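To start, the structure under review is shown below, and the notes come after it.
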Amino acid sequence: MLTGQVRPVETRTLEVKGTHDEIVAALNAAAVDGWEVDSITTRRLARYGATTTVEAADIDAVRAKVPDGHQLLSVIAE
């Protein structure tokens with residue numbers, strides 16, 4: 001049996017203009033309520049939810065159980 005750790009991921013892209021410091025400040029101001037700056041060069045914020053687990057007999061089955069909008073973080077064999 002394998003157990004996979006997953007979490008939901010949501011991204012959004014922002015159009016920000018200004019100096020480097022102004023851009024950083026604007027992105028940091030937009031990163032509220034669980035959002036964090038993912039990349040300044042792509043102007044994207046990401047929000048990662050709490051992790052949950054999925055279990056299956058093999059890696060393909062674990063991957064098949066990862067819900068849309070979620071990311072597989074790790075897999076351990078039990």
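By convention in this document, the chains of the structure tokens carry letters A, B, ... by their order, each chain's residues are numbered from 1, and ligands are numbered from 1 in the order they are shown.
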
### Message
Can you pull out the residues contacting stretch 66-75 of chain A? Cut-off 12 Å, using only C-alpha atoms, and skip same-chain residues under 4 positions away; I want them as a list of chain:residue names.
### Response
A:Met1, A:Leu2, A:Thr3, A:Gly4, A:Gln5, A:Val6, A:Arg7, A:Pro8, A:Val9, A:Glu10, A:Thr11, A:Ala46, A:Arg47, A:Tyr48, A:Gly49, A:Ala50, A:Thr51, A:Thr52, A:Thr53, A:Val54, A:Glu55, A:Ala56, A:Ala57, A:Asp58, A:Ile59, A:Asp60, A:Ala61, A:Val62

Would you save the residues of that selection, restricted to C-alpha atoms, as an mmCIF file, in the first residue's frame?
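New file part32.cif:
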```
data_model
loop_
_atom_site.group_PDB
_atom_site.id
_atom_site.type_symbol
_atom_site.label_atom_id
_atom_site.label_comp_id
_atom_site.auth_asym_id
_atom_site.auth_seq_id
_atom_site.Cartn_x
_atom_site.Cartn_y
_atom_site.Cartn_z
ATOM 1 C CA MET A 1 0.000 0.000 0.000
ATOM 2 C CA LEU A 2 1.249 3.488 -0.883
ATOM 3 C CA THR A 3 0.171 6.716 0.794
ATOM 4 C CA GLY A 4 0.471 10.015 -1.081
ATOM 5 C CA GLN A 5 0.439 13.465 0.521
ATOM 6 C CA VAL A 6 -1.515 16.003 -1.578
ATOM 7 C CA ARG A 7 -2.561 19.638 -1.267
ATOM 8 C CA PRO A 8 -4.768 21.937 -3.324
ATOM 9 C CA VAL A 9 -3.042 24.552 -5.452
ATOM 10 C CA GLU A 10 -4.593 27.664 -6.974
ATOM 11 C CA THR A 11 -2.684 30.270 -8.984
ATOM 12 C CA ALA A 46 -0.111 30.801 -5.418
ATOM 13 C CA ARG A 47 -2.282 29.575 -2.568
ATOM 14 C CA TYR A 48 -1.585 26.167 -1.058
ATOM 15 C CA GLY A 49 -4.208 24.473 1.057
ATOM 16 C CA ALA A 50 -3.893 21.930 3.835
ATOM 17 C CA THR A 51 -2.481 18.538 2.940
ATOM 18 C CA THR A 52 -4.538 15.358 2.820
ATOM 19 C CA THR A 53 -3.655 11.770 1.988
ATOM 20 C CA VAL A 54 -4.670 9.329 -0.701
ATOM 21 C CA GLU A 55 -3.954 5.603 -0.578
ATOM 22 C CA ALA A 56 -3.612 3.068 -3.361
ATOM 23 C CA ALA A 57 -1.820 -0.136 -4.220
ATOM 24 C CA ASP A 58 0.674 1.326 -6.720
ATOM 25 C CA ILE A 59 2.041 4.678 -7.923
ATOM 26 C CA ASP A 60 -0.215 4.891 -10.970
ATOM 27 C CA ALA A 61 -3.258 4.409 -8.752
ATOM 28 C CA VAL A 62 -1.980 7.057 -6.307
#
```

List every residue of chain A that DSSP, applied to the backbone, labels as strand (DSSP E), and write the result as a PDB file with N, CA and C atoms, in the first residue's frame.
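selection.pdb was written with the following content:
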```
ATOM      1  N   LEU A   2       0.543   2.215  -0.831  1.00  0.00           N
ATOM      2  CA  LEU A   2       1.249   3.488  -0.883  1.00  0.00           C
ATOM      3  C   LEU A   2       0.336   4.589  -0.368  1.00  0.00           C
ATOM      4  N   THR A   3       0.916   5.559   0.316  1.00  0.00           N
ATOM      5  CA  THR A   3       0.171   6.716   0.794  1.00  0.00           C
ATOM      6  C   THR A   3       0.793   7.964   0.195  1.00  0.00           C
ATOM      7  N   GLY A   4      -0.010   8.775  -0.481  1.00  0.00           N
ATOM      8  CA  GLY A   4       0.471  10.015  -1.081  1.00  0.00           C
ATOM      9  C   GLY A   4      -0.044  11.215  -0.324  1.00  0.00           C
ATOM     10  N   GLN A   5       0.809  12.203  -0.136  1.00  0.00           N
ATOM     11  CA  GLN A   5       0.439  13.465   0.521  1.00  0.00           C
ATOM     12  C   GLN A   5       0.099  14.467  -0.584  1.00  0.00           C
ATOM     13  N   VAL A   6      -1.097  15.055  -0.551  1.00  0.00           N
ATOM     14  CA  VAL A   6      -1.515  16.003  -1.578  1.00  0.00           C
ATOM     15  C   VAL A   6      -2.011  17.293  -0.937  1.00  0.00           C
ATOM     16  N   ARG A   7      -1.996  18.373  -1.730  1.00  0.00           N
ATOM     17  CA  ARG A   7      -2.561  19.638  -1.267  1.00  0.00           C
ATOM     18  C   ARG A   7      -3.158  20.367  -2.467  1.00  0.00           C
ATOM     19  N   PRO A   8      -4.193  21.161  -2.225  1.00  0.00           N
ATOM     20  CA  PRO A   8      -4.768  21.937  -3.324  1.00  0.00           C
ATOM     21  C   PRO A   8      -3.865  23.109  -3.679  1.00  0.00           C
ATOM     22  N   VAL A   9      -3.852  23.443  -4.964  1.00  0.00           N
ATOM     23  CA  VAL A   9      -3.042  24.552  -5.452  1.00  0.00           C
ATOM     24  C   VAL A   9      -3.920  25.422  -6.353  1.00  0.00           C
ATOM     25  N   GLU A  10      -3.864  26.709  -6.147  1.00  0.00           N
ATOM     26  CA  GLU A  10      -4.593  27.664  -6.974  1.00  0.00           C
ATOM     27  C   GLU A  10      -3.620  28.774  -7.323  1.00  0.00           C
ATOM     28  N   THR A  11      -3.569  29.176  -8.591  1.00  0.00           N
ATOM     29  CA  THR A  11      -2.684  30.270  -8.984  1.00  0.00           C
ATOM     30  C   THR A  11      -3.491  31.344  -9.701  1.00  0.00           C
ATOM     31  N   ARG A  12      -2.964  32.548  -9.679  1.00  0.00           N
ATOM     32  CA  ARG A  12      -3.535  33.626 -10.475  1.00  0.00           C
ATOM     33  C   ARG A  12      -2.393  34.526 -10.924  1.00  0.00           C
ATOM     34  N   THR A  13      -2.585  35.163 -12.054  1.00  0.00           N
ATOM     35  CA  THR A  13      -1.559  36.024 -12.632  1.00  0.00           C
ATOM     36  C   THR A  13      -2.011  37.471 -12.533  1.00  0.00           C
ATOM     37  N   TRP A  35      -2.337  33.464   0.314  1.00  0.00           N
ATOM     38  CA  TRP A  35      -1.610  33.585  -0.950  1.00  0.00           C
ATOM     39  C   TRP A  35      -0.162  33.956  -0.655  1.00  0.00           C
ATOM     40  N   GLU A  36       0.746  33.524  -1.538  1.00  0.00           N
ATOM     41  CA  GLU A  36       2.149  33.917  -1.427  1.00  0.00           C
ATOM     42  C   GLU A  36       2.694  34.173  -2.819  1.00  0.00           C
ATOM     43  N   VAL A  37       3.697  35.031  -2.903  1.00  0.00           N
ATOM     44  CA  VAL A  37       4.303  35.329  -4.200  1.00  0.00           C
ATOM     45  C   VAL A  37       5.063  34.097  -4.655  1.00  0.00           C
ATOM     46  N   ASP A  38       4.686  33.601  -5.820  1.00  0.00           N
ATOM     47  CA  ASP A  38       5.279  32.383  -6.376  1.00  0.00           C
ATOM     48  C   ASP A  38       6.484  32.726  -7.249  1.00  0.00           C
ATOM     49  N   SER A  39       6.363  33.773  -8.030  1.00  0.00           N
ATOM     50  CA  SER A  39       7.454  34.185  -8.902  1.00  0.00           C
ATOM     51  C   SER A  39       7.236  35.634  -9.317  1.00  0.00           C
ATOM     52  N   ARG A  44       2.905  35.888 -10.669  1.00  0.00           N
ATOM     53  CA  ARG A  44       1.906  34.903 -10.269  1.00  0.00           C
ATOM     54  C   ARG A  44       1.906  34.696  -8.773  1.00  0.00           C
ATOM     55  N   LEU A  45       0.724  34.606  -8.213  1.00  0.00           N
ATOM     56  CA  LEU A  45       0.558  34.272  -6.802  1.00  0.00           C
ATOM     57  C   LEU A  45       0.061  32.838  -6.713  1.00  0.00           C
ATOM     58  N   ALA A  46       0.364  32.169  -5.620  1.00  0.00           N
ATOM     59  CA  ALA A  46      -0.111  30.801  -5.418  1.00  0.00           C
ATOM     60  C   ALA A  46      -0.686  30.678  -4.016  1.00  0.00           C
ATOM     61  N   ARG A  47      -1.708  29.862  -3.888  1.00  0.00           N
ATOM     62  CA  ARG A  47      -2.282  29.575  -2.568  1.00  0.00           C
ATOM     63  C   ARG A  47      -2.284  28.058  -2.414  1.00  0.00           C
ATOM     64  N   TYR A  48      -1.684  27.593  -1.332  1.00  0.00           N
ATOM     65  CA  TYR A  48      -1.585  26.167  -1.058  1.00  0.00           C
ATOM     66  C   TYR A  48      -2.450  25.825   0.138  1.00  0.00           C
ATOM     67  N   THR A  52      -3.725  16.539   2.522  1.00  0.00           N
ATOM     68  CA  THR A  52      -4.538  15.358   2.820  1.00  0.00           C
ATOM     69  C   THR A  52      -3.812  14.154   2.248  1.00  0.00           C
ATOM     70  N   THR A  53      -4.314  12.975   2.499  1.00  0.00           N
ATOM     71  CA  THR A  53      -3.655  11.770   1.988  1.00  0.00           C
ATOM     72  C   THR A  53      -4.582  10.991   1.075  1.00  0.00           C
ATOM     73  N   VAL A  54      -3.970  10.293   0.150  1.00  0.00           N
ATOM     74  CA  VAL A  54      -4.670   9.329  -0.701  1.00  0.00           C
ATOM     75  C   VAL A  54      -3.904   8.025  -0.606  1.00  0.00           C
ATOM     76  N   GLU A  55      -4.600   6.919  -0.666  1.00  0.00           N
ATOM     77  CA  GLU A  55      -3.954   5.603  -0.578  1.00  0.00           C
ATOM     78  C   GLU A  55      -4.336   4.753  -1.774  1.00  0.00           C
ATOM     79  N   ALA A  56      -3.370   3.976  -2.244  1.00  0.00           N
ATOM     80  CA  ALA A  56      -3.612   3.068  -3.361  1.00  0.00           C
ATOM     81  C   ALA A  56      -2.523   2.013  -3.383  1.00  0.00           C
ATOM     82  N   HIS A  70      -4.960  19.780  -7.417  1.00  0.00           N
ATOM     83  CA  HIS A  70      -4.111  19.374  -6.287  1.00  0.00           C
ATOM     84  C   HIS A  70      -2.743  18.950  -6.815  1.00  0.00           C
ATOM     85  N   GLN A  71      -1.788  18.942  -5.932  1.00  0.00           N
ATOM     86  CA  GLN A  71      -0.415  18.598  -6.240  1.00  0.00           C
ATOM     87  C   GLN A  71       0.020  17.442  -5.360  1.00  0.00           C
ATOM     88  N   LEU A  72       0.649  16.419  -5.958  1.00  0.00           N
ATOM     89  CA  LEU A  72       1.187  15.293  -5.190  1.00  0.00           C
ATOM     90  C   LEU A  72       2.544  15.710  -4.637  1.00  0.00           C
ATOM     91  N   LEU A  73       2.680  15.706  -3.323  1.00  0.00           N
ATOM     92  CA  LEU A  73       3.905  16.165  -2.677  1.00  0.00           C
ATOM     93  C   LEU A  73       4.891  15.042  -2.410  1.00  0.00           C
ATOM     94  N   SER A  74       4.399  13.909  -1.950  1.00  0.00           N
ATOM     95  CA  SER A  74       5.287  12.795  -1.611  1.00  0.00           C
ATOM     96  C   SER A  74       4.489  11.507  -1.607  1.00  0.00           C
ATOM     97  N   VAL A  75       5.222  10.404  -1.702  1.00  0.00           N
ATOM     98  CA  VAL A  75       4.614   9.073  -1.634  1.00  0.00           C
ATOM     99  C   VAL A  75       5.496   8.201  -0.759  1.00  0.00           C
ATOM    100  N   ILE A  76       4.878   7.480   0.167  1.00  0.00           N
ATOM    101  CA  ILE A  76       5.631   6.551   1.018  1.00  0.00           C
ATOM    102  C   ILE A  76       5.002   5.168   0.916  1.00  0.00           C
ATOM    103  N   ALA A  77       5.831   4.154   1.049  1.00  0.00           N
ATOM    104  CA  ALA A  77       5.363   2.775   1.059  1.00  0.00           C
ATOM    105  C   ALA A  77       5.133   2.349   2.488  1.00  0.00           C
TER     106      ALA A  77
END
```

### d(atom CA of A:Lys17, atom CA of A:Asp33) in Å
22.8 Å
